[in-house]
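Raw start_13.txt, compact mmCIF, C-alpha atoms and all ligand atoms:
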```txt
# COMPACT_ATOMS: atom_id res chain seq x y z
CA MET C 1 123.52 108.61 128.71
CA ASP C 2 121.55 111.88 128.90
CA GLN C 3 118.26 111.36 126.97
CA LYS C 4 118.95 114.58 125.02
CA GLU C 5 122.01 112.99 123.39
CA ILE C 6 119.93 110.11 122.00
CA PRO C 7 118.24 110.56 118.57
CA ARG C 8 114.63 111.62 119.17
CA ASN C 9 113.01 108.48 117.73
CA LEU C 10 115.02 106.29 120.12
CA ARG C 11 114.20 108.20 123.28
CA ASP C 12 111.65 106.75 125.66
CA ASP C 13 111.32 109.61 128.12
CA ASN C 14 107.93 110.68 126.79
CA LEU C 15 105.97 107.42 126.85
CA SER C 16 102.56 107.43 128.50
CA GLU C 17 101.79 104.79 131.11
CA GLU C 18 99.30 103.29 128.66
CA THR C 19 102.01 102.96 126.01
CA LYS C 20 104.44 101.45 128.50
CA THR C 21 101.82 98.81 129.32
CA LEU C 22 101.12 98.18 125.65
CA ILE C 23 104.76 97.81 124.63
CA SER C 24 105.43 95.43 127.51
CA GLN C 25 103.01 93.05 125.74
CA LEU C 26 104.39 93.53 122.21
CA GLN C 27 106.93 91.33 120.50
CA SER C 28 110.30 93.09 120.70
CA GLU C 29 113.73 92.63 119.15
CA ILE C 30 117.07 94.36 119.40
CA ASP C 31 118.13 95.52 115.96
CA THR C 32 121.65 95.12 114.63
CA GLN C 33 122.50 98.62 115.85
CA GLY C 34 121.55 97.59 119.41
CA ASN C 35 118.24 99.49 119.60
CA LYS C 36 114.95 98.02 120.77
CA LEU C 37 112.18 97.67 118.22
CA TYR C 38 108.55 96.78 118.91
CA ASN C 39 106.18 95.06 116.54
CA TYR C 40 102.87 96.88 116.33
CA GLN C 41 100.26 95.90 113.72
CA GLY C 42 102.93 94.00 111.80
CA CYS C 43 105.49 96.82 111.60
CA TRP C 44 108.65 97.47 113.65
CA TYR C 45 109.02 100.77 115.49
CA TYR C 46 111.23 102.41 118.08
CA SER C 47 109.23 103.31 121.17
CA ALA C 48 109.00 107.09 120.61
CA THR C 49 107.68 106.61 117.07
CA LEU C 50 105.18 104.09 118.34
CA GLN C 51 103.95 106.66 120.86
CA GLY C 52 103.47 109.09 117.94
CA ILE C 53 101.46 106.50 116.02
CA LEU C 54 99.25 105.74 119.02
CA ASN C 55 98.66 109.44 119.63
CA PHE C 56 97.64 109.78 115.98
CA GLN C 57 95.40 106.72 115.94
CA ARG C 58 93.56 107.76 119.09
CA ASN C 59 93.05 111.42 118.31
CA PHE C 60 93.19 112.26 114.61
CA LYS C 61 89.94 113.38 112.94
CA PRO C 62 90.17 113.22 109.16
CA GLN C 63 88.75 115.80 106.80
CA ASP C 64 87.49 114.70 103.38
CA SER C 65 90.08 116.77 101.52
CA ASP C 66 93.13 115.55 103.51
CA ILE C 67 96.20 114.35 101.62
CA PHE C 68 98.65 111.80 103.02
CA ILE C 69 102.09 111.29 101.49
CA ALA C 70 103.27 107.85 102.52
CA SER C 71 106.57 106.11 101.85
CA PHE C 72 109.14 103.67 103.16
CA PRO C 73 112.02 105.79 104.53
CA LYS C 74 114.41 107.28 101.96
CA SER C 75 112.20 106.68 98.95
CA GLY C 76 112.18 110.33 97.85
CA ALA C 77 109.38 111.81 99.98
CA THR C 78 111.20 115.17 100.04
CA TRP C 79 110.70 115.44 96.29
CA LEU C 80 107.08 114.26 96.34
CA LYS C 81 106.21 116.71 99.12
CA ALA C 82 107.73 119.59 97.15
CA LEU C 83 105.79 118.61 94.02
CA THR C 84 102.50 118.25 95.88
CA VAL C 85 102.90 121.62 97.58
CA SER C 86 103.74 123.21 94.21
CA LEU C 87 100.64 121.77 92.59
CA PHE C 88 98.40 123.51 95.09
CA GLU C 89 100.44 126.72 95.16
CA ARG C 90 100.76 127.16 91.41
CA SER C 91 97.88 129.54 90.85
CA LYS C 92 99.18 131.87 93.55
CA HIS C 93 102.72 132.17 92.25
CA PRO C 94 102.54 132.76 88.53
CA SER C 95 106.05 132.55 87.08
CA SER C 96 107.83 134.95 89.47
CA TYR C 97 107.67 132.57 92.46
CA VAL C 98 109.12 135.29 94.71
CA ASP C 99 107.20 134.34 97.83
CA HIS C 100 106.73 130.66 97.10
CA PRO C 101 106.73 128.70 100.38
CA LEU C 102 109.38 126.28 99.07
CA LEU C 103 111.88 129.12 98.80
CA SER C 104 111.90 129.66 102.54
CA ASN C 105 110.77 126.28 103.94
CA ASN C 106 112.03 122.76 103.59
CA PRO C 107 109.37 120.39 102.16
CA HIS C 108 109.35 118.47 105.47
CA ALA C 109 108.36 121.63 107.33
CA LEU C 110 105.48 122.22 104.91
CA VAL C 111 104.21 118.65 104.94
CA GLN C 112 104.89 117.32 108.41
CA SER C 113 105.12 113.74 109.54
CA LEU C 114 102.19 112.51 111.61
CA GLU C 115 104.18 110.22 113.86
CA ALA C 116 107.62 111.85 113.75
CA ASN C 117 106.52 115.47 114.20
CA LEU C 118 102.90 116.35 114.81
CA TYR C 119 101.85 113.53 117.14
CA LEU C 120 105.32 112.62 118.44
CA ASP C 121 104.94 114.59 121.64
CA SER C 122 101.30 115.58 121.57
CA GLN C 123 97.86 114.02 121.68
CA THR C 124 96.32 117.17 120.20
CA PRO C 125 98.81 119.01 118.00
CA ASP C 126 97.88 122.20 116.23
CA LEU C 127 96.96 120.95 112.76
CA LYS C 128 96.47 124.43 111.31
CA LYS C 129 100.03 124.31 110.04
CA ALA C 130 99.11 121.30 107.88
CA LYS C 131 97.14 123.68 105.68
CA LEU C 132 99.39 126.00 103.72
CA SER C 133 96.72 128.43 102.66
CA SER C 134 93.10 128.36 101.68
CA PRO C 135 91.85 126.59 99.57
CA ALA C 136 94.75 124.13 99.79
CA PRO C 137 93.91 120.89 101.61
CA ARG C 138 95.71 119.70 104.73
CA MET C 139 98.80 117.66 103.88
CA PHE C 140 100.53 115.11 106.07
CA SER C 141 103.23 112.53 105.66
CA THR C 142 103.85 109.16 107.22
CA HIS C 143 106.01 106.05 107.03
CA MET C 144 103.42 103.79 108.67
CA PRO C 145 101.95 100.96 106.56
CA LEU C 146 98.46 101.35 105.13
CA LEU C 147 96.79 99.15 107.74
CA SER C 148 97.83 101.45 110.59
CA LEU C 149 96.96 104.61 108.67
CA GLN C 150 93.63 103.33 107.40
CA GLU C 151 92.37 102.32 110.80
CA THR C 152 92.04 106.02 111.60
CA ILE C 153 90.86 107.38 108.24
CA LYS C 154 88.89 104.41 106.93
CA ASP C 155 85.61 106.13 106.11
CA SER C 156 87.22 109.24 104.69
CA PRO C 157 87.52 109.84 100.92
CA CYS C 158 90.90 111.52 101.51
CA LYS C 159 93.80 110.91 99.11
CA ILE C 160 96.85 108.79 99.86
CA ILE C 161 99.94 108.92 97.66
CA TYR C 162 102.50 106.18 98.20
CA LEU C 163 106.01 106.59 96.86
CA CYS C 164 107.96 103.41 96.33
CA ARG C 165 111.65 103.07 95.44
CA ASP C 166 113.99 100.20 94.69
CA VAL C 167 114.73 99.21 98.24
CA LYS C 168 118.45 98.66 97.57
CA ASP C 169 118.78 102.37 96.77
CA ALA C 170 116.59 103.28 99.75
CA LEU C 171 118.85 101.17 101.99
CA VAL C 172 122.02 102.88 100.78
CA SER C 173 120.30 106.25 101.13
CA ARG C 174 119.29 105.41 104.70
CA TRP C 175 122.87 104.39 105.48
CA TYR C 176 124.24 107.75 104.32
CA PHE C 177 121.44 109.61 106.10
CA ARG C 178 122.01 107.75 109.33
CA CYS C 179 125.77 108.33 109.32
CA SER C 180 125.20 112.03 108.52
CA TYR C 181 122.75 112.78 111.28
CA LEU C 182 124.70 110.78 113.83
CA LYS C 183 127.72 112.80 112.63
CA LYS C 184 129.72 109.65 111.98
CA GLU C 185 131.99 108.70 109.11
CA VAL C 186 130.29 106.57 106.47
CA ASP C 187 131.13 103.12 107.78
CA ARG C 188 130.71 99.88 105.81
CA HIS C 189 130.06 97.92 108.99
CA VAL C 190 126.97 100.02 109.58
CA LEU C 191 125.78 99.30 106.04
CA GLU C 192 126.37 95.58 106.54
CA SER C 193 124.41 95.52 109.79
CA MET C 194 121.57 97.52 108.23
CA PHE C 195 121.56 95.05 105.35
CA GLU C 196 121.21 92.15 107.79
CA SER C 197 118.34 93.89 109.60
CA PHE C 198 116.65 94.59 106.31
CA CYS C 199 116.90 90.97 105.13
CA SER C 200 115.50 89.64 108.40
CA GLY C 201 112.58 92.08 108.15
CA VAL C 202 113.34 93.40 111.64
CA SER C 203 114.21 96.99 110.81
CA PHE C 204 112.64 100.37 111.56
CA TYR C 205 109.33 100.50 109.61
CA GLY C 206 110.06 97.04 108.18
CA PRO C 207 109.48 94.55 106.82
CA PHE C 208 109.71 96.45 103.54
CA TRP C 209 107.70 93.84 101.63
CA ASP C 210 104.66 94.11 103.91
CA HIS C 211 104.89 97.89 103.79
CA VAL C 212 104.96 98.15 100.02
CA LEU C 213 102.33 95.43 99.55
CA SER C 214 99.89 97.17 101.87
CA TYR C 215 99.84 100.26 99.64
CA TRP C 216 100.08 98.28 96.40
CA ARG C 217 96.95 96.33 97.30
CA GLY C 218 95.24 99.49 98.52
CA SER C 219 95.91 101.16 95.17
CA LEU C 220 94.44 98.20 93.28
CA GLU C 221 91.36 98.03 95.49
CA GLU C 222 90.66 101.76 95.61
CA PRO C 223 92.52 103.56 92.81
CA SER C 224 90.73 106.85 93.45
CA HIS C 225 91.85 106.73 97.11
CA VAL C 226 95.44 105.42 96.88
CA LEU C 227 97.95 106.37 94.17
CA PHE C 228 101.02 104.17 93.86
CA MET C 229 104.05 106.04 92.48
CA ARG C 230 107.62 104.97 91.83
CA TYR C 231 110.76 107.06 92.27
CA GLU C 232 112.31 105.47 89.19
CA GLU C 233 109.34 106.45 87.02
CA MET C 234 109.48 110.00 88.35
CA LYS C 235 113.14 110.18 87.37
CA GLU C 236 112.49 108.68 83.96
CA ASP C 237 109.46 110.75 82.97
CA PRO C 238 108.81 113.51 85.50
CA TYR C 239 106.23 115.24 83.26
CA ALA C 240 104.03 112.16 82.96
CA GLN C 241 104.25 111.47 86.70
CA LEU C 242 103.53 115.09 87.66
CA LYS C 243 100.49 115.03 85.40
CA ARG C 244 99.34 111.76 86.93
CA LEU C 245 99.74 113.19 90.42
CA ALA C 246 97.81 116.35 89.54
CA GLU C 247 94.96 114.34 88.03
CA PHE C 248 94.76 112.05 91.05
CA LEU C 249 94.64 115.06 93.39
CA GLY C 250 91.85 116.64 91.39
CA CYS C 251 93.90 119.60 90.18
CA PRO C 252 94.89 118.64 86.61
CA PHE C 253 96.92 120.95 84.39
CA THR C 254 94.88 122.89 81.86
CA LYS C 255 95.97 122.98 78.24
CA GLU C 256 97.04 126.61 78.71
CA GLU C 257 99.14 125.69 81.71
CA GLU C 258 100.81 122.87 79.82
CA GLU C 259 101.57 125.20 76.92
CA SER C 260 102.79 128.04 79.11
CA GLY C 261 105.46 125.91 80.82
CA SER C 262 103.81 125.58 84.24
CA MET C 263 105.00 121.99 84.56
CA ASP C 264 108.59 122.94 83.68
CA GLU C 265 108.54 125.62 86.36
CA ILE C 266 107.33 123.20 89.02
CA LEU C 267 109.82 120.52 88.05
CA GLU C 268 112.66 123.05 88.05
CA LEU C 269 111.68 124.47 91.45
CA CYS C 270 111.43 120.96 92.92
CA SER C 271 114.62 119.62 91.36
CA LEU C 272 117.24 118.29 93.74
CA ARG C 273 119.75 120.82 92.42
CA ARG C 274 117.48 123.82 92.97
CA LEU C 275 116.10 122.77 96.37
CA SER C 276 119.45 121.74 97.82
CA ASP C 277 120.92 125.06 96.76
CA LEU C 278 118.43 127.15 98.72
CA GLU C 279 119.71 128.85 101.86
CA VAL C 280 116.99 127.25 104.02
CA ASN C 281 118.03 123.77 102.92
CA ARG C 282 121.75 124.45 103.23
CA THR C 283 121.58 125.80 106.77
CA GLY C 284 118.22 124.85 108.33
CA LYS C 285 117.26 121.94 110.60
CA THR C 286 114.12 119.93 111.36
CA SER C 287 112.40 120.34 114.72
CA ASN C 288 114.16 117.09 115.67
CA ASP C 289 117.51 118.74 114.97
CA VAL C 290 118.34 116.99 111.69
CA ASP C 291 120.08 119.20 109.11
CA TYR C 292 117.90 119.71 106.03
CA LYS C 293 120.93 119.24 103.81
CA PHE C 294 121.01 115.53 104.74
CA PHE C 295 117.76 115.01 102.82
CA PHE C 296 119.50 115.83 99.54
CA ARG C 297 122.29 113.62 98.26
CA LYS C 298 122.64 112.14 94.76
CA GLY C 299 119.08 111.29 93.85
CA GLU C 300 120.16 108.62 91.39
CA VAL C 301 118.61 105.36 90.32
CA GLY C 302 120.93 102.38 90.87
CA ASP C 303 123.42 103.98 93.28
CA SER C 304 123.24 100.81 95.40
CA LYS C 305 125.56 99.16 92.86
CA ASN C 306 128.35 101.43 94.08
CA HIS C 307 127.98 100.22 97.67
CA LEU C 308 126.39 96.78 97.88
CA SER C 309 128.29 93.74 96.63
CA PRO C 310 126.67 91.70 93.81
CA GLU C 311 125.92 89.01 96.45
CA MET C 312 124.14 91.51 98.69
CA GLU C 313 122.15 92.86 95.76
CA SER C 314 121.04 89.44 94.61
CA LYS C 315 120.13 88.40 98.17
CA ILE C 316 117.80 91.40 98.55
CA ASP C 317 116.35 90.91 95.06
CA LYS C 318 115.63 87.26 95.81
CA ILE C 319 113.95 87.99 99.15
CA VAL C 320 111.83 90.79 97.73
CA GLN C 321 110.88 88.75 94.66
CA GLU C 322 109.77 85.83 96.84
CA LYS C 323 107.76 88.03 99.18
CA LEU C 324 106.00 89.87 96.36
CA GLU C 325 105.25 86.75 94.35
CA GLY C 326 101.69 86.62 93.06
CA SER C 327 100.97 90.25 93.94
CA GLY C 328 101.61 91.64 90.45
CA LEU C 329 104.15 94.07 91.92
CA LYS C 330 107.66 93.77 90.48
CA PHE C 331 110.98 95.59 90.73
P1 LIG C 401 119.83 109.41 97.78
O1 LIG C 401 120.35 109.29 99.17
O2 LIG C 401 119.85 108.12 97.02
O3 LIG C 401 120.48 110.50 97.00
P2 LIG C 401 113.49 110.95 101.45
O4 LIG C 401 113.16 112.24 100.79
O5 LIG C 401 112.34 109.99 101.43
O6 LIG C 401 114.10 111.14 102.77
O7 LIG C 401 114.57 110.26 100.50
C1 LIG C 401 115.82 110.87 100.31
C2 LIG C 401 116.31 110.50 98.94
O8 LIG C 401 115.61 111.29 97.96
C3 LIG C 401 117.80 110.81 98.77
O9 LIG C 401 118.29 109.83 97.87
C4 LIG C 401 117.75 112.20 98.15
O10 LIG C 401 118.90 112.57 97.47
C5 LIG C 401 116.56 112.06 97.22
N1 LIG C 401 115.95 113.36 96.89
C6 LIG C 401 115.70 114.40 97.72
N2 LIG C 401 115.16 115.43 97.07
C7 LIG C 401 115.07 115.05 95.77
C8 LIG C 401 114.60 115.72 94.60
N3 LIG C 401 114.15 116.97 94.63
N4 LIG C 401 114.65 115.03 93.42
C9 LIG C 401 115.10 113.76 93.39
N5 LIG C 401 115.56 113.08 94.46
C10 LIG C 401 115.55 113.72 95.66
```
Written form, structure tokens:
Amino acid sequence: MDQKEIPRNLRDDNLSEETKTLISQLQSEIDTQGNKLYNYQGCWYYSATLQGILNFQRNFKPQDSDIFIASFPKSGATWLKALTVSLFERSKHPSSYVDHPLLSNNPHALVQSLEANLYLDSQTPDLKKAKLSSPAPRMFSTHMPLLSLQETIKDSPCKIIYLCRDVKDALVSRWYFRCSYLKKEVDRHVLESMFESFCSGVSFYGPFWDHVLSYWRGSLEEPSHVLFMRYEEMKEDPYAQLKRLAEFLGCPFTKEEEESGSMDEILELCSLRRLSDLEVNRTGKTSNDVDYKFFFRKGEVGDSKNHLSPEMESKIDKIVQEKLEGSGLKF
């Protein structure tokens, strides 16, 4: 098959010789969709993504004010990116919002992924685009676990926000997303094979339990450095979570802002309904050719119940509960 027809994260036409040598020594597995995954620092990656991570680890120079938005795939990073951008943009767009960057850019274009965009094909990407405008800090996103991120930024006081979501909903979301970008009908067999991969731990960016635990522990050890957020809590009380985020990032809402409705404006602008309705998100695409509209679906808590059988749900719950035992983290 022509490499161009293969999704970008599965292509191996851009691997350096060094990476080829490294991956030949790594543990590898074929996932249930027939693609080769490599285990690097305890996490499973396709080769192109691994190249992006290595490029990042070897070349990135942190700045003290950097912000990293981390998540397991399909945990709601689109929303968190939009909120974080809005926090730093709020003083520049009082109420009218006419030229707000979110009106003409998808959140993933404003906060780009380290391994899936910036460093995917480059050792030295132009990081100027990570800074929206002065005095906003640089903002990046990633799906790599904390261990792999921290190796590169360990002495930096930068801020890391981790967004966690009930993994059953994230799995169903990933299934829809995958079928959409591969332009395939939503197929139960695909969901079942993704479920098997998930349960075995051998899935892209898995195992989930190690991923979530890395950030959970990081947030307990260094609460001023790592903020642990939950999608479900954001849905339940968006005001409280937005406030928490602003305080963590050192840009808390003033009393006047709270009283003048600044939080309502941000939450409205970043709502799934509003964002998905914007022209840019209805018609635009990522640099990897994925339609922005695929990042917006239902945004509900508990949608997995409509797709996973009770047996599948309880199997995942049992595995996750066992793996998280003793950590203090519960779902
Ligand atoms: P569903 O597929 O369950 O609807 P990510 O942003 O990490 O790729 O995750 C995508 C999930 O977040 C999708 O979940 C999507 O609908 C949801 N989402 C995207 N934007 C959102 C927003 N502004 N508010 C709430 N949920 C949002």
**Q.** Near-C:Ser203 list (7 Å; all atoms listed in the file; drop same-chain fewer than 5 positions) as a list in words
**A.** Asp31, Trp44, Ser197 and Phe198 of chain C
Q | Polymer residues at most 9 Å from stretch 252-267 of chain C, all atoms listed in the file, same-chain spacing of 5 or more positions, as a VMD selection string | A | chain C and resid 82 to 83 86 to 87 90 94 to 95 238 to 239 242 to 247
May I have the residues within 9 Å of C:Lys159 as a short mmCIF file (atom, residue, chain, number, x, y, z; two decimals) with C-alpha atoms, keeping the file's coordinate frame, using all atoms listed in the file and disregarding those fewer than 5 positions away in the same chain?
```
data_model
loop_
_atom_site.label_atom_id
_atom_site.label_comp_id
_atom_site.auth_asym_id
_atom_site.auth_seq_id
_atom_site.Cartn_x
_atom_site.Cartn_y
_atom_site.Cartn_z
CA ASP C 64 87.49 114.70 103.38
CA SER C 65 90.08 116.77 101.52
CA ASP C 66 93.13 115.55 103.51
CA ILE C 67 96.20 114.35 101.62
CA PHE C 68 98.65 111.80 103.02
CA ILE C 69 102.09 111.29 101.49
CA SER C 224 90.73 106.85 93.45
CA HIS C 225 91.85 106.73 97.11
CA VAL C 226 95.44 105.42 96.88
CA LEU C 227 97.95 106.37 94.17
CA PHE C 248 94.76 112.05 91.05
CA LEU C 249 94.64 115.06 93.39
#
```
Would you mind listing, for every residue of chain C within 10 Å of ligand LIG 401 (chain C), the two atoms forming the shortest contact and the distance between them in Å to one decimal, using all atoms listed in the file, sorted by chain and ascending residue number, as a Markdown table?
```
| residue | atom | partner | partner_atom | distance |
| --- | --- | --- | --- | --- |
| C:Ala70 | CA | C:LIG401 | O5 | 9.4 |
| C:Ser71 | CA | C:LIG401 | O5 | 7.0 |
| C:Phe72 | CA | C:LIG401 | O5 | 7.3 |
| C:Pro73 | CA | C:LIG401 | O5 | 5.2 |
| C:Lys74 | CA | C:LIG401 | O7 | 3.3 |
| C:Ser75 | CA | C:LIG401 | O5 | 4.1 |
| C:Gly76 | CA | C:LIG401 | O8 | 3.6 |
| C:Ala77 | CA | C:LIG401 | O5 | 3.8 |
| C:Thr78 | CA | C:LIG401 | O4 | 3.6 |
| C:Trp79 | CA | C:LIG401 | N3 | 4.1 |
| C:Leu80 | CA | C:LIG401 | N3 | 7.8 |
| C:Lys81 | CA | C:LIG401 | O4 | 8.4 |
| C:Ala82 | CA | C:LIG401 | N3 | 7.4 |
| C:Leu83 | CA | C:LIG401 | N3 | 8.5 |
| C:Pro107 | CA | C:LIG401 | O4 | 9.1 |
| C:His108 | CA | C:LIG401 | O4 | 8.7 |
| C:His143 | CA | C:LIG401 | O5 | 9.3 |
| C:Leu163 | CA | C:LIG401 | O5 | 8.5 |
| C:Cys164 | CA | C:LIG401 | O5 | 9.4 |
| C:Arg165 | CA | C:LIG401 | O5 | 9.2 |
| C:Lys168 | CA | C:LIG401 | O2 | 9.6 |
| C:Asp169 | CA | C:LIG401 | O2 | 5.9 |
| C:Ala170 | CA | C:LIG401 | O2 | 6.4 |
| C:Leu171 | CA | C:LIG401 | O2 | 8.6 |
| C:Val172 | CA | C:LIG401 | O2 | 6.8 |
| C:Ser173 | CA | C:LIG401 | O1 | 3.6 |
| C:Arg174 | CA | C:LIG401 | O1 | 6.8 |
| C:Trp175 | CA | C:LIG401 | O1 | 8.4 |
| C:Tyr176 | CA | C:LIG401 | O1 | 6.6 |
| C:Phe177 | CA | C:LIG401 | O1 | 7.0 |
| C:Tyr231 | CA | C:LIG401 | N5 | 8.0 |
| C:Glu232 | CA | C:LIG401 | C9 | 9.7 |
| C:Met234 | CA | C:LIG401 | C9 | 8.4 |
| C:Lys235 | CA | C:LIG401 | C9 | 7.3 |
| C:Pro238 | CA | C:LIG401 | N4 | 10.0 |
| C:Leu267 | CA | C:LIG401 | N3 | 8.6 |
| C:Glu268 | CA | C:LIG401 | N3 | 9.1 |
| C:Leu269 | CA | C:LIG401 | N3 | 8.5 |
| C:Cys270 | CA | C:LIG401 | N3 | 5.1 |
| C:Ser271 | CA | C:LIG401 | N3 | 4.2 |
| C:Leu272 | CA | C:LIG401 | N3 | 3.5 |
| C:Arg273 | CA | C:LIG401 | N3 | 7.1 |
| C:Arg274 | CA | C:LIG401 | N3 | 7.8 |
| C:Leu275 | CA | C:LIG401 | N3 | 6.4 |
| C:Ser276 | CA | C:LIG401 | N2 | 7.7 |
| C:Tyr292 | CA | C:LIG401 | O6 | 9.9 |
| C:Lys293 | CA | C:LIG401 | C6 | 9.4 |
| C:Phe294 | CA | C:LIG401 | C4 | 8.1 |
| C:Phe295 | CA | C:LIG401 | C1 | 5.2 |
| C:Phe296 | CA | C:LIG401 | O10 | 3.9 |
| C:Arg297 | CA | C:LIG401 | O10 | 3.6 |
| C:Lys298 | CA | C:LIG401 | O3 | 3.5 |
| C:Gly299 | CA | C:LIG401 | O3 | 3.5 |
| C:Glu300 | CA | C:LIG401 | O2 | 5.7 |
| C:Val301 | CA | C:LIG401 | O2 | 7.4 |
| C:Gly302 | CA | C:LIG401 | O2 | 8.5 |
| C:Asp303 | CA | C:LIG401 | O2 | 6.6 |
| C:Ser304 | CA | C:LIG401 | O2 | 8.2 |
```
Q) From the list C:Ser309, C:Asn55, C:Asn35, C:Thr142, which residue is nearest C:Thr19 when using all atoms listed in the file? A) C:Asn55
Q: Name the residues in contact with stretch 212-214 of chain C at a cut-off of 8 Å, using all atoms listed in the file, excluding same-chain residues fewer than 2 positions from it; report them as a ChimeraX atom specification.
A: /C:72,145-147,164,208-210,216-218,324,327,329
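The point (107.4, 92.5, 117.2) has these residues within 6 Å of it when all atoms listed in the file are used: Leu26, Gln27, Ser28, Tyr38 and Asn39 of chain C.
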Adding 3 Å on each side of the box along x, y and z that holds all listed atoms of stretch 73-83 of chain C, could you give its centre and edge lengths in Å to one decimal, as AutoDock Vina command-line options?
```
--center_x 110.1 --center_y 112.7 --center_z 99.3 --size_x 14.6 --size_y 19.8 --size_z 16.5
```
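Of the residues listed (C:Phe60, C:Phe204, C:Phe140, C:Phe228), C:Phe228 shows the shortest atom-to-atom separation from C:Gln241; distances use only C-alpha atoms.
Counting only C-alpha atoms, the residue from C:Gln112, C:Gln51, C:Asn106, C:Gln150 that sits nearest to C:Val280 is C:Asn106.
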**Q.** Residue nearest C:Asp166 - candidates C:Arg230, C:Lys20, C:Lys92, C:Lys318, atoms counted: all atoms listed in the file
**A.** C:Arg230
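Taking atom CA of C:Ile316 and atom CA of C:Gly328 as the two end points, the separation is 18.1 Å.
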Q) Do you know which residues are at most 6 Å from C:Cys43 counting all atoms listed in the file, after dropping those on the same chain fewer than 2 positions away, and could you put them as number ranges by chain? A) C: 39-41, 205-206
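Minimum atom-to-atom distance to C:Glu279, evaluated using all atoms listed in the file, belongs to C:Asn105 out of C:Val320, C:Asn105, C:Ser113, C:Pro223.
The nearest approach to C:Leu54 among the residues C:Leu191, C:Leu114, C:Leu308, C:Leu103, with only C-alpha atoms taken into account, belongs to C:Leu114.
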